[in-house]
>>> print(open('query_39.csv').read())   # CSV, C-alpha atoms
chain,number,residue,atom,x,y,z
A,172,MET,CA,-5.4,-6.5,4.8
A,173,VAL,CA,-7.7,-6.2,1.8
A,174,GLY,CA,-8.7,-9.9,1.8
A,175,LEU,CA,-9.3,-10.1,5.5
A,176,ALA,CA,-11.2,-6.8,5.7
A,177,THR,CA,-13.5,-8.1,2.9
A,178,ALA,CA,-14.0,-11.3,4.7
A,179,TRP,CA,-14.8,-9.5,8.0
A,180,PHE,CA,-17.4,-7.1,6.3
A,181,LEU,CA,-19.0,-10.1,4.5
A,182,GLN,CA,-19.4,-11.7,7.9
A,183,GLU,CA,-21.0,-8.5,9.2
A,184,ALA,CA,-23.6,-8.9,6.4
A,185,GLY,CA,-24.3,-12.5,7.5
A,186,VAL,CA,-22.1,-14.3,5.0
A,187,GLU,CA,-20.0,-17.4,5.8
A,188,VAL,CA,-16.4,-17.0,4.7
A,189,THR,CA,-13.4,-19.2,4.1
A,190,VAL,CA,-10.0,-17.5,3.5
A,191,LEU,CA,-7.3,-19.3,1.5
A,192,ASP,CA,-3.9,-17.8,2.1
A,193,ARG,CA,-0.7,-18.3,0.1
A,194,GLU,CA,1.7,-18.3,3.0
A,195,GLY,CA,0.1,-17.2,6.2
A,196,VAL,CA,-1.7,-14.2,7.8
A,197,ALA,CA,0.2,-10.9,7.1
A,198,ALA,CA,3.1,-12.8,5.5
A,199,GLY,CA,3.2,-10.6,2.3
A,200,ALA,CA,3.0,-6.9,1.7
A,201,SER,CA,0.8,-6.4,4.8
A,202,TRP,CA,3.7,-7.2,7.2
A,203,GLY,CA,6.8,-5.1,6.7
A,204,ASN,CA,5.4,-1.9,5.2
A,205,ALA,CA,5.4,1.5,6.9
A,206,GLY,CA,1.9,1.1,8.3
A,207,TRP,CA,0.7,4.6,7.6
A,208,LEU,CA,-3.0,5.4,7.6
A,209,THR,CA,-2.7,8.5,5.5
A,210,PRO,CA,-5.7,9.0,3.3
A,211,GLY,CA,-4.7,12.6,2.9
A,212,LEU,CA,-1.6,11.4,1.0
A,213,ALA,CA,-3.2,8.4,-0.8
A,214,THR,CA,-2.5,9.6,-4.3
A,215,PRO,CA,-2.0,7.8,-7.7
A,216,LEU,CA,1.5,6.4,-8.1
A,217,PRO,CA,1.9,7.5,-11.8
A,218,GLU,CA,2.8,11.2,-11.4
A,219,PRO,CA,4.8,13.6,-13.5
A,220,ALA,CA,7.7,13.6,-11.0
A,221,VAL,CA,8.3,9.9,-11.8
A,222,LEU,CA,9.2,10.7,-15.4
A,223,LYS,CA,12.0,13.0,-14.2
A,224,TYR,CA,14.1,10.1,-13.0
A,225,GLY,CA,15.3,9.2,-16.5
A,226,VAL,CA,16.5,5.9,-17.8
A,227,ARG,CA,19.9,6.0,-16.2
A,228,ALA,CA,18.5,6.7,-12.8
A,229,VAL,CA,15.9,3.9,-12.7
A,230,LEU,CA,18.5,1.4,-13.8
A,231,SER,CA,20.7,2.1,-10.8
A,232,PRO,CA,20.2,-0.2,-7.7
A,233,ALA,CA,20.6,2.9,-5.5
A,234,SER,CA,17.7,4.7,-7.2
A,235,PRO,CA,14.4,5.1,-5.2
A,236,VAL,CA,12.6,3.8,-8.3
A,237,TYR,CA,14.4,0.8,-9.8
A,238,VAL,CA,13.8,-1.2,-12.9
A,239,PRO,CA,16.1,-4.2,-13.6
A,240,PRO,CA,18.0,-4.0,-16.9
A,241,THR,CA,16.5,-7.4,-17.9
A,242,ALA,CA,12.9,-6.2,-17.8
A,243,SER,CA,10.4,-8.8,-19.3
A,244,PRO,CA,7.9,-7.9,-22.1
A,245,ARG,CA,5.2,-7.9,-19.5
A,246,LEU,CA,7.0,-5.4,-17.3
A,247,LEU,CA,7.8,-3.2,-20.3
A,248,LYS,CA,4.1,-3.2,-21.2
A,249,PHE,CA,3.3,-2.1,-17.7
A,250,LEU,CA,6.0,0.6,-17.7
A,251,THR,CA,4.8,2.0,-21.0
A,252,ARG,CA,1.3,2.4,-19.8
A,253,PHE,CA,2.5,3.7,-16.4
A,254,ALA,CA,4.5,6.4,-18.2
A,255,ARG,CA,1.4,7.4,-20.3
A,256,ASN,CA,-0.5,7.9,-17.1
A,257,SER,CA,2.2,10.0,-15.5
A,258,THR,CA,0.9,13.3,-16.8
A,259,ALA,CA,-0.6,16.1,-14.8
A,260,GLY,CA,-4.0,15.7,-16.4
A,261,ARG,CA,-4.3,11.9,-15.9
A,262,TRP,CA,-3.0,12.3,-12.3
A,263,LYS,CA,-5.7,14.8,-11.6
A,264,THR,CA,-8.4,12.5,-13.0
A,265,ALA,CA,-7.1,9.6,-11.0
A,266,MET,CA,-6.8,11.7,-7.9
A,267,GLU,CA,-10.4,12.8,-8.2
A,268,SER,CA,-11.4,9.1,-8.4
A,269,LEU,CA,-9.6,8.3,-5.1
A,270,VAL,CA,-11.1,11.2,-3.1
A,271,PRO,CA,-14.5,9.6,-2.2
A,272,ILE,CA,-12.9,6.4,-1.0
A,273,ASN,CA,-10.1,8.2,0.8
A,274,ARG,CA,-12.6,10.3,2.8
A,275,GLN,CA,-14.1,7.1,4.3
A,276,ALA,CA,-10.9,5.3,4.9
A,277,LEU,CA,-10.4,6.1,8.6
A,278,ASP,CA,-14.1,5.7,9.4
A,279,ALA,CA,-13.8,2.1,8.3
A,280,PHE,CA,-11.0,1.5,10.8
A,281,ASP,CA,-13.2,3.1,13.5
A,282,PHE,CA,-16.1,0.8,12.5
A,283,LEU,CA,-13.9,-2.2,13.0
A,284,ALA,CA,-12.7,-1.0,16.4
A,285,LYS,CA,-16.3,-0.3,17.6
A,286,ALA,CA,-17.4,-3.7,16.4
A,287,GLY,CA,-14.8,-5.5,18.5
A,288,VAL,CA,-11.7,-5.8,16.4
A,289,GLU,CA,-9.0,-5.5,19.1
A,290,ALA,CA,-6.4,-3.9,16.9
A,291,GLN,CA,-5.6,-0.3,17.5
A,292,THR,CA,-4.8,2.6,15.3
A,293,HIS,CA,-2.4,5.3,16.7
A,294,GLU,CA,-2.9,9.0,16.2
A,295,ALA,CA,0.2,10.6,14.6
A,296,LYS,CA,0.8,13.3,17.2
A,297,SER,CA,3.6,14.4,14.9
A,298,PHE,CA,3.9,13.5,11.2
A,299,LEU,CA,6.8,15.2,9.6
A,300,ALA,CA,7.9,15.3,5.9
A,301,ALA,CA,11.5,16.5,6.2
A,302,TYR,CA,13.8,18.0,3.6
A,303,ARG,CA,17.3,19.4,3.4
A,304,THR,CA,16.2,22.6,1.7
A,305,VAL,CA,13.2,24.8,1.2
A,306,GLU,CA,13.5,24.2,-2.5
A,307,GLU,CA,13.2,20.5,-2.1
A,308,ARG,CA,10.0,21.0,0.0
A,309,SER,CA,8.3,22.9,-2.8
A,310,VAL,CA,7.6,19.5,-4.6
A,311,LEU,CA,5.3,18.2,-1.8
A,312,LEU,CA,3.7,21.7,-1.3
A,313,GLU,CA,2.7,21.7,-5.0
A,314,GLU,CA,1.4,18.2,-4.7
A,315,ILE,CA,-0.7,19.2,-1.6
A,316,GLU,CA,-2.1,22.1,-3.7
A,317,ALA,CA,-3.0,19.6,-6.4
A,318,ILE,CA,-4.6,17.3,-3.8
A,319,HIS,CA,-6.7,20.2,-2.5
A,320,ALA,CA,-7.7,21.1,-6.1
A,321,ALA,CA,-9.0,17.5,-6.6
A,322,GLY,CA,-11.3,18.0,-3.6
A,323,GLN,CA,-9.4,16.2,-0.9
A,324,GLY,CA,-8.6,18.1,2.3
A,325,ILE,CA,-5.3,17.7,4.3
A,326,GLU,CA,-4.2,20.0,7.1
A,327,PHE,CA,-0.6,20.9,7.2
A,328,GLU,CA,1.9,23.6,8.1
A,329,ALA,CA,5.3,24.4,6.6
A,330,ILE,CA,8.0,24.7,9.3
A,331,SER,CA,11.7,25.3,9.5
A,332,GLY,CA,14.3,22.7,10.2
A,333,ASP,CA,14.8,24.0,13.7
A,334,ASP,CA,11.1,23.8,14.4
A,335,ALA,CA,11.1,20.2,13.0
A,336,ARG,CA,13.9,19.2,15.4
A,337,ALA,CA,12.1,20.8,18.3
A,338,ILE,CA,9.2,18.4,17.5
A,339,GLU,CA,11.4,15.4,16.6
A,340,PRO,CA,14.9,15.5,18.1
A,341,SER,CA,15.6,12.4,16.0
A,342,LEU,CA,16.1,14.6,12.9
A,343,SER,CA,19.7,15.6,12.1
A,344,ASP,CA,21.1,19.0,11.4
A,345,GLU,CA,20.9,18.2,7.7
A,346,ILE,CA,17.2,18.9,7.8
A,347,GLY,CA,16.5,22.5,6.8
A,348,ALA,CA,12.8,22.5,6.1
A,349,ALA,CA,9.7,20.4,6.8
A,350,ILE,CA,6.0,20.0,6.5
A,351,ARG,CA,3.9,18.9,9.5
A,352,LEU,CA,0.8,17.0,8.6
A,353,HIS,CA,-2.3,16.8,10.8
A,354,GLY,CA,-5.1,14.2,11.2
A,355,GLN,CA,-3.1,11.2,10.1
A,356,ARG,CA,-2.6,7.8,11.9
A,357,PHE,CA,-0.4,4.7,11.8
A,358,ILE,CA,-0.4,1.1,12.9
A,359,ASN,CA,1.9,-1.9,13.3
A,360,PRO,CA,0.6,-3.5,10.1
A,361,GLY,CA,1.6,-7.1,10.9
A,362,ALA,CA,0.1,-7.0,14.4
A,363,TYR,CA,-3.1,-5.3,13.1
A,364,VAL,CA,-3.7,-7.8,10.3
A,365,LYS,CA,-3.2,-10.7,12.6
A,366,LEU,CA,-5.8,-9.3,15.1
A,367,LEU,CA,-8.2,-8.8,12.2
A,368,ALA,CA,-7.7,-12.4,11.2
A,369,ASP,CA,-8.3,-13.4,14.8
A,370,SER,CA,-11.6,-11.6,14.7
A,371,VAL,CA,-12.6,-13.3,11.4
A,372,ILE,CA,-12.0,-16.7,13.1
A,373,ALA,CA,-13.8,-15.7,16.3
A,374,ARG,CA,-16.8,-14.8,14.1
A,375,GLY,CA,-16.9,-18.3,12.6
A,376,GLY,CA,-14.7,-17.8,9.6
A,377,GLN,CA,-12.1,-20.3,8.5
A,378,ILE,CA,-8.5,-19.4,7.4
A,379,ILE,CA,-6.5,-22.0,5.6
A,380,SER,CA,-2.8,-21.1,5.2
A,381,GLY,CA,-0.2,-22.5,2.8
A,382,VAL,CA,-2.6,-22.8,-0.1
A,383,VAL,CA,-1.8,-21.5,-3.6
A,384,VAL,CA,-4.9,-21.2,-5.7
A,385,LYS,CA,-3.9,-22.2,-9.3
A,386,ASP,CA,-7.2,-21.8,-11.0
A,387,ILE,CA,-10.8,-20.7,-10.6
A,388,VAL,CA,-13.6,-22.7,-12.2
A,389,ASP,CA,-16.9,-21.0,-12.6
A,390,GLU,CA,-19.7,-23.4,-13.4
A,391,ILE,CA,-23.4,-23.8,-12.9
A,392,ARG,CA,-23.3,-25.3,-9.4
A,393,GLY,CA,-20.8,-22.8,-8.0
A,394,VAL,CA,-17.2,-21.6,-8.1
A,395,ARG,CA,-14.5,-24.1,-7.4
A,396,LEU,CA,-10.9,-23.3,-6.6
A,397,VAL,CA,-8.1,-25.5,-7.9
A,398,THR,CA,-5.1,-25.8,-5.5
A,399,GLY,CA,-2.0,-27.9,-5.2
A,400,ASP,CA,-4.1,-30.3,-3.1
A,401,GLY,CA,-6.9,-30.7,-5.6
A,402,GLU,CA,-10.3,-28.9,-5.9
A,403,THR,CA,-12.5,-27.3,-3.3
A,404,ASP,CA,-16.2,-27.8,-3.0
A,405,PRO,CA,-18.2,-25.1,-4.8
A,406,PHE,CA,-18.6,-21.6,-3.3
A,407,ASP,CA,-21.4,-19.1,-4.0
A,408,ALA,CA,-18.8,-16.4,-4.8
A,409,VAL,CA,-15.0,-15.9,-4.8
A,410,VAL,CA,-13.0,-12.7,-4.0
A,411,MET,CA,-9.5,-12.6,-5.6
A,412,ALA,CA,-7.5,-10.5,-3.1
A,413,THR,CA,-4.1,-11.9,-4.2
A,414,GLY,CA,-2.0,-8.8,-4.3
A,415,ALA,CA,0.7,-8.7,-6.8
A,416,TRP,CA,-0.5,-12.1,-8.2
A,417,LEU,CA,-4.0,-10.8,-9.0
A,418,GLY,CA,-3.6,-10.7,-12.7
A,419,ASP,CA,-2.7,-14.4,-12.9
A,420,LEU,CA,-6.2,-15.5,-11.9
A,421,ALA,CA,-8.2,-12.5,-13.0
A,422,ARG,CA,-7.3,-12.5,-16.7
A,423,GLN,CA,-9.6,-15.3,-17.6
A,424,PHE,CA,-12.5,-13.2,-16.1
A,425,GLY,CA,-11.9,-10.3,-18.4
A,426,VAL,CA,-9.5,-8.3,-16.2
A,427,ARG,CA,-6.9,-6.9,-18.7
A,428,THR,CA,-5.2,-4.4,-16.4
A,429,VAL,CA,-1.6,-5.5,-15.7
A,430,VAL,CA,-0.9,-5.8,-11.9
A,431,GLN,CA,2.8,-5.4,-11.4
A,432,ALA,CA,4.8,-5.9,-8.2
A,433,GLY,CA,6.3,-2.7,-7.0
A,434,ARG,CA,8.5,-4.1,-4.3
A,435,GLY,CA,9.2,-2.2,-1.1
A,436,TYR,CA,12.0,-2.8,1.4
A,437,SER,CA,12.2,-2.2,5.2
A,438,PHE,CA,14.1,-3.0,8.3
A,439,SER,CA,14.0,-1.9,12.0
A,440,VAL,CA,16.6,-0.1,14.0
A,441,PRO,CA,17.2,0.9,17.6
A,442,MET,CA,17.2,4.6,18.4
A,443,ALA,CA,18.2,6.8,21.4
A,444,HIS,CA,14.9,8.7,20.8
A,445,VAL,CA,12.2,6.9,18.9
A,446,PRO,CA,10.0,9.5,17.1
A,447,ALA,CA,6.4,10.0,18.4
A,448,GLY,CA,5.0,9.6,14.9
A,449,PRO,CA,5.9,8.9,11.3
A,450,VAL,CA,8.8,10.7,9.6
A,451,TYR,CA,8.9,10.9,5.9
A,452,PHE,CA,11.9,11.9,3.7
A,453,PRO,CA,10.2,12.5,0.4
A,454,ALA,CA,13.3,13.4,-1.7
A,455,GLN,CA,14.8,10.0,-0.7
A,456,ARG,CA,11.3,8.2,-0.7
A,457,ILE,CA,12.0,6.8,2.8
A,458,ALA,CA,9.2,6.3,5.3
A,459,CYS,CA,9.9,5.8,9.0
A,460,THR,CA,7.4,4.6,11.6
A,461,PRO,CA,7.8,4.1,15.4
A,462,LEU,CA,7.0,0.5,16.4
A,463,GLY,CA,7.6,0.1,20.1
A,464,ASP,CA,11.2,0.8,21.0
A,465,ARG,CA,12.4,0.6,17.4
A,466,LEU,CA,12.0,2.6,14.2
A,467,ARG,CA,10.9,0.8,11.0
A,468,VAL,CA,12.6,2.3,8.0
A,469,ALA,CA,11.0,1.6,4.7
A,470,GLY,CA,11.3,2.7,1.1
A,471,MET,CA,12.1,2.0,-2.5
A,472,MET,CA,9.9,1.0,-5.5
A,473,GLU,CA,11.4,-1.9,-7.3
A,474,PHE,CA,9.6,-3.3,-10.3
A,475,ARG,CA,10.5,-7.0,-10.2
A,476,LYS,CA,8.8,-10.4,-10.0
A,477,PRO,CA,7.0,-10.6,-6.6
A,478,GLU,CA,8.8,-13.7,-5.5
A,479,ALA,CA,12.3,-12.5,-6.4
A,480,LYS,CA,14.8,-12.7,-3.5
A,481,LEU,CA,15.7,-9.7,-1.4
A,482,ASP,CA,18.4,-7.6,-3.0
A,483,PRO,CA,20.8,-6.4,-0.3
A,484,ARG,CA,21.8,-3.5,-2.5
A,485,ARG,CA,18.4,-2.0,-2.0
A,486,ILE,CA,18.7,-2.2,1.8
A,487,ASP,CA,22.2,-0.6,1.5
A,488,ALA,CA,20.7,2.2,-0.6
A,489,ILE,CA,18.1,3.0,2.1
A,490,VAL,CA,20.7,2.9,4.8
A,491,GLU,CA,23.0,5.3,3.1
A,492,ALA,CA,20.2,7.7,2.2
A,493,ALA,CA,18.8,7.7,5.8
A,494,ARG,CA,22.1,7.8,7.6
A,495,PRO,CA,22.8,11.6,7.3
A,496,LEU,CA,19.1,12.5,8.0
A,497,LEU,CA,18.5,10.6,11.3
A,498,ARG,CA,20.2,11.4,14.6
A,499,ASP,CA,21.3,8.5,16.9
A,500,ALA,CA,19.8,5.8,14.7
A,501,ASP,CA,22.0,2.7,14.8
A,502,LEU,CA,21.5,1.7,11.2
A,503,ASP,CA,24.2,-0.9,11.5
A,504,ALA,CA,22.2,-2.8,14.1
A,505,ARG,CA,19.2,-3.2,11.9
A,506,THR,CA,17.0,-6.3,12.1
A,507,PHE,CA,14.0,-7.7,10.2
A,508,GLU,CA,15.3,-6.9,6.7
A,509,TRP,CA,12.3,-7.5,4.5
A,510,VAL,CA,10.9,-7.1,1.0
A,511,GLY,CA,7.3,-7.2,0.0
A,512,PRO,CA,5.4,-6.9,-3.3
A,513,ARG,CA,3.0,-4.0,-3.6
A,514,PRO,CA,0.4,-4.6,-6.3
A,515,CYS,CA,0.6,-1.7,-8.7
A,516,THR,CA,-1.6,-0.8,-11.7
A,517,PRO,CA,-0.6,1.4,-14.7
A,518,ASP,CA,-3.2,4.1,-13.9
A,519,GLY,CA,-2.6,4.0,-10.1
A,520,LEU,CA,-6.2,3.0,-9.3
A,521,PRO,CA,-7.2,-0.3,-7.6
A,522,LEU,CA,-9.3,-3.1,-9.1
A,523,ILE,CA,-12.4,-3.5,-6.9
A,524,GLY,CA,-15.7,-5.2,-8.0
A,525,ALA,CA,-17.2,-7.8,-10.1
A,526,THR,CA,-15.4,-9.3,-13.1
A,527,ALA,CA,-16.9,-10.8,-16.3
A,528,SER,CA,-18.4,-13.4,-13.9
A,529,PRO,CA,-21.0,-12.0,-11.4
A,530,ARG,CA,-19.7,-14.6,-8.9
A,531,VAL,CA,-16.0,-13.7,-9.2
A,532,PHE,CA,-14.7,-10.4,-7.7
A,533,ALA,CA,-11.4,-8.6,-7.7
A,534,ALA,CA,-10.0,-6.7,-4.7
A,535,GLY,CA,-6.4,-5.5,-5.3
A,536,GLY,CA,-4.0,-3.2,-7.1
A,537,HIS,CA,-3.9,-0.6,-4.3
A,538,GLY,CA,-0.2,0.1,-4.8
A,539,MET,CA,1.2,1.7,-1.7
A,540,TRP,CA,-2.2,2.2,-0.1
A,541,GLY,CA,-3.5,-1.3,0.6
A,542,ILE,CA,-3.2,-0.8,4.3
A,543,THR,CA,-4.9,2.6,4.3
A,544,LEU,CA,-7.7,1.6,2.0
A,545,GLY,CA,-8.0,-2.1,2.9
A,546,PRO,CA,-10.9,-1.8,5.4
A,547,ILE,CA,-13.0,0.7,3.3
A,548,THR,CA,-12.4,-1.6,0.2
A,549,GLY,CA,-13.7,-4.6,2.2
A,550,GLN,CA,-16.7,-2.6,3.4
A,551,LEU,CA,-17.7,-1.4,-0.1
A,552,LEU,CA,-17.0,-4.7,-1.8
A,553,ALA,CA,-19.0,-6.6,0.8
A,554,GLU,CA,-21.9,-4.3,0.0
A,555,THR,CA,-21.5,-5.0,-3.7
A,556,ILE,CA,-21.5,-8.7,-3.2
A,557,THR,CA,-24.4,-8.9,-0.9
A,558,THR,CA,-26.7,-6.4,-2.6
A,559,GLY,CA,-25.7,-6.8,-6.2
A,560,ARG,CA,-25.2,-3.0,-6.5
A,561,ALA,CA,-21.8,-1.4,-6.6
A,562,PRO,CA,-21.5,1.8,-4.6
A,563,GLU,CA,-20.7,4.9,-6.6
A,564,GLU,CA,-17.3,5.2,-4.9
A,565,LEU,CA,-16.2,2.0,-6.6
A,566,ARG,CA,-17.2,3.1,-10.1
A,567,PRO,CA,-13.7,4.3,-11.2
A,568,PHE,CA,-12.2,1.0,-9.9
A,569,ASN,CA,-14.1,-1.3,-12.2
A,570,PRO,CA,-11.8,-4.4,-12.8
A,571,LEU,CA,-13.0,-4.5,-16.4
A,572,ARG,CA,-12.0,-0.9,-17.3
>>> encode(input="query_39.csv", output="structure tokens")
Amino acid sequence: MVGLATAWFLQEAGVEVTVLDREGVAAGASWGNAGWLTPGLATPLPEPAVLKYGVRAVLSPASPVYVPPTASPRLLKFLTRFARNSTAGRWKTAMESLVPINRQALDAFDFLAKAGVEAQTHEAKSFLAAYRTVEERSVLLEEIEAIHAAGQGIEFEAISGDDARAIEPSLSDEIGAAIRLHGQRFINPGAYVKLLADSVIARGGQIISGVVVKDIVDEIRGVRLVTGDGETDPFDAVVMATGAWLGDLARQFGVRTVVQAGRGYSFSVPMAHVPAGPVYFPAQRIACTPLGDRLRVAGMMEFRKPEAKLDPRRIDAIVEAARPLLRDADLDARTFEWVGPRPCTPDGLPLIGATASPRVFAAGGHGMWGITLGPITGQLLAETITTGRAPEELRPFNPLR
């Protein structure tokens, strides 16, 4: 999403673009995620609640946040910095940095639609965060208060479990309290990104799939990319939108922030009644999204190598956590089991802008919010590249910080 959105907005400014893709359009983290467009909830991943899990919890494959016992030195470095940023004060500072870009996130989707991108966003007529108890619900209510204190608005109402079931019969009797969010949207992420790619091609762009960029060579006559097939001709500028692999290429251009894969899992299930909008179980960290006649169930944060194989224990953990909370969901008839690497940074802020080279740019590290913030990232980065001036909204996301 981030790379294609940047390419699209560069085209809007009259720039010719070529996209080199590791596997194929929407083959990575842009395919199987929950597809939420929720700028009201786009918050920094390092938060005080994360520290409450404890070492024993994060080492369990059933934990919503999982760290393998054989963590590498690089991962331990990331986790140490992540923990340092998981304080109330640092969360507030990071949240205030996200507010200006969050406010423009949905407008960027609307711009794409008005300009002819055929992909649609769907209004979340109901968006429920559901809990077993009123006490559990207090965690998100406190976070919403903190979001408001940081200057970001989000409309909501606290409702009972019975009221939640009246809105969404798919919720089980286990649900005793909920929060209904307003003004949010959702998409089918894989379908949306493919249509965005179609628009880039229709506007004269070239997308080359199955290419792994191994090195970037910045020299007087331009920027060349080294791939498994050799070297490309020089480009005027290069944008690294390589997700969880961003650090591999960016380090030589002064980007020292570790980008760690925070892998998420998902699958789809048939239901007797598919919800009209997203359903979130925050205590279990499970996100559900209606996609046609099926429900996509997603969750987990697994700090592992981005290319590691799918761990079936993580799918089982989501199934067992969701089973008592959903009514008439055939979790044993699940399909499209998937894992994708979210690119996470230790401070919870993305890396967007010029690197030590004025011709090499970074666009990544959005954590769980690459879908929500992808188009506005592309719009603001394209402005940076074509004018030489970075918008104020991007200042906190300096890749060289």
>>> closest_residue(input="query_39.csv", among="A:Pro517, A:Gly185, A:Gly195, A:Pro446", to="A:Pro215", atoms="all atoms listed in the file")
A:Pro517
>>> atom_distance(input="query_39.csv", atom1="atom CA of A:Gly206", atom2="atom CA of A:Asp344")
26.4 Å
>>> residues_around(input="query_39.csv", residues="A:Ile457", least_positions_apart="6", cutoff="8 Å", atoms="only C-alpha atoms", output="JSON, numbers by chain")
{"A": [451, 468, 469, 470, 471, 489, 493]}
>>> write_last_selection(input="query_39.csv", atoms="C-alpha atoms", output="PDB file, keeping the file's coordinate frame")
ATOM      1  CA  TYR A 451       8.900  10.900   5.900  1.00  0.00           C
ATOM      2  CA  VAL A 468      12.600   2.300   8.000  1.00  0.00           C
ATOM      3  CA  ALA A 469      11.000   1.600   4.700  1.00  0.00           C
ATOM      4  CA  GLY A 470      11.300   2.700   1.100  1.00  0.00           C
ATOM      5  CA  MET A 471      12.100   2.000  -2.500  1.00  0.00           C
ATOM      6  CA  ILE A 489      18.100   3.000   2.100  1.00  0.00           C
ATOM      7  CA  ALA A 493      18.800   7.700   5.800  1.00  0.00           C
TER       8      ALA A 493
END
>>> closest_atom_pairs(input="query_39.csv", of="stretch 443-514 of chain A", to="stretch 541-544 of chain A", cutoff="12 Å", atoms="all atoms listed in the file", output="tab-separated table")
residue	atom	partner	partner_atom	distance
A:Pro512	CA	A:Gly541	CA	11.2
A:Arg513	CA	A:Gly541	CA	8.2
A:Pro514	CA	A:Gly541	CA	8.6
>>> atom_distance(input="query_39.csv", atom1="atom CA of A:Val384", atom2="atom CA of A:Thr189")
13.1 Å
>>> atom_distance(input="query_39.csv", atom1="atom CA of A:Phe424", atom2="atom CA of A:Gln275")
28.8 Å
>>> closest_residue(input="query_39.csv", among="A:Glu508, A:Asp482, A:Asp518, A:Glu491", to="A:Tyr237", atoms="all atoms listed in the file")
A:Asp482
>>> residues_around(input="query_39.csv", residues="A:Leu269", least_positions_apart="3", cutoff="12 Å", atoms="only C-alpha atoms", output="number ranges by chain")
A: 210-216, 262-266, 272-276, 318, 321-323, 518-521, 537, 540, 543-544, 547-548, 563-568
>>> residues_around(input="query_39.csv", residues="stretch 427-432 of chain A", least_positions_apart="5", cutoff="10 Å", atoms="all atoms listed in the file", output="mmCIF file with C-alpha atoms, in the frame of the given file")
data_model
loop_
_atom_site.group_PDB
_atom_site.id
_atom_site.type_symbol
_atom_site.label_atom_id
_atom_site.label_comp_id
_atom_site.auth_asym_id
_atom_site.auth_seq_id
_atom_site.Cartn_x
_atom_site.Cartn_y
_atom_site.Cartn_z
ATOM 1 C CA ARG A 245 5.200 -7.900 -19.500
ATOM 2 C CA LEU A 246 7.000 -5.400 -17.300
ATOM 3 C CA LYS A 248 4.100 -3.200 -21.200
ATOM 4 C CA PHE A 249 3.300 -2.100 -17.700
ATOM 5 C CA LEU A 250 6.000 0.600 -17.700
ATOM 6 C CA ARG A 252 1.300 2.400 -19.800
ATOM 7 C CA GLY A 414 -2.000 -8.800 -4.300
ATOM 8 C CA ALA A 415 0.700 -8.700 -6.800
ATOM 9 C CA TRP A 416 -0.500 -12.100 -8.200
ATOM 10 C CA LEU A 417 -4.000 -10.800 -9.000
ATOM 11 C CA GLY A 418 -3.600 -10.700 -12.700
ATOM 12 C CA ASP A 419 -2.700 -14.400 -12.900
ATOM 13 C CA ALA A 421 -8.200 -12.500 -13.000
ATOM 14 C CA ARG A 422 -7.300 -12.500 -16.700
ATOM 15 C CA MET A 472 9.900 1.000 -5.500
ATOM 16 C CA GLU A 473 11.400 -1.900 -7.300
ATOM 17 C CA PHE A 474 9.600 -3.300 -10.300
ATOM 18 C CA ARG A 475 10.500 -7.000 -10.200
ATOM 19 C CA LYS A 476 8.800 -10.400 -10.000
ATOM 20 C CA PRO A 477 7.000 -10.600 -6.600
ATOM 21 C CA GLU A 478 8.800 -13.700 -5.500
ATOM 22 C CA GLY A 511 7.300 -7.200 0.000
ATOM 23 C CA PRO A 512 5.400 -6.900 -3.300
ATOM 24 C CA ARG A 513 3.000 -4.000 -3.600
ATOM 25 C CA PRO A 514 0.400 -4.600 -6.300
ATOM 26 C CA CYS A 515 0.600 -1.700 -8.700
ATOM 27 C CA THR A 516 -1.600 -0.800 -11.700
ATOM 28 C CA PRO A 517 -0.600 1.400 -14.700
ATOM 29 C CA ASP A 518 -3.200 4.100 -13.900
ATOM 30 C CA PRO A 521 -7.200 -0.300 -7.600
ATOM 31 C CA LEU A 522 -9.300 -3.100 -9.100
ATOM 32 C CA GLY A 535 -6.400 -5.500 -5.300
ATOM 33 C CA GLY A 536 -4.000 -3.200 -7.100
ATOM 34 C CA HIS A 537 -3.900 -0.600 -4.300
ATOM 35 C CA GLY A 538 -0.200 0.100 -4.800
ATOM 36 C CA PRO A 570 -11.800 -4.400 -12.800
ATOM 37 C CA LEU A 571 -13.000 -4.500 -16.400
ATOM 38 C CA ARG A 572 -12.000 -0.900 -17.300
#
>>> closest_residue(input="query_39.csv", among="A:Ala284, A:Leu191, A:Ser528, A:Gly332", to="A:Ile391", atoms="all atoms listed in the file")
A:Ser528
>>> residues_around(input="query_39.csv", residues="stretch 437-444 of chain A", least_positions_apart="6", cutoff="8 Å", atoms="all atoms listed in the file", output="list in words")
Gly203, Asn204, Ala205, Pro340, Ser341, Asp464, Arg465, Leu466, Arg467, Val468, Ala469, Gly470, Ile486, Asp499, Ala500, Asp501, Leu502, Ala504, Arg505, Thr506, Phe507, Glu508, Trp509 and Val510 of chain A
>>> closest_residue(input="query_39.csv", among="A:Ala242, A:Ala233, A:Ala368, A:Ala178", to="A:Asp487", atoms="only C-alpha atoms")
A:Ala233
>>> residues_around(input="query_39.csv", residues="stretch 405-409 of chain A", least_positions_apart="4", cutoff="12 Å", atoms="only C-alpha atoms", output="number ranges by chain")
A: 174, 177-178, 181, 186-191, 384, 386-397, 413, 420-421, 424, 524-526, 528-534, 552-553, 555-557, 559
>>> closest_residue(input="query_39.csv", among="A:Met539, A:Ala279, A:Leu299, A:Ala317", to="A:Ala337", atoms="all atoms listed in the file")
A:Leu299
>>> closest_residue(input="query_39.csv", among="A:Gly287, A:Arg193, A:Ile372, A:Trp179", to="A:Gly399", atoms="all atoms listed in the file")
A:Arg193
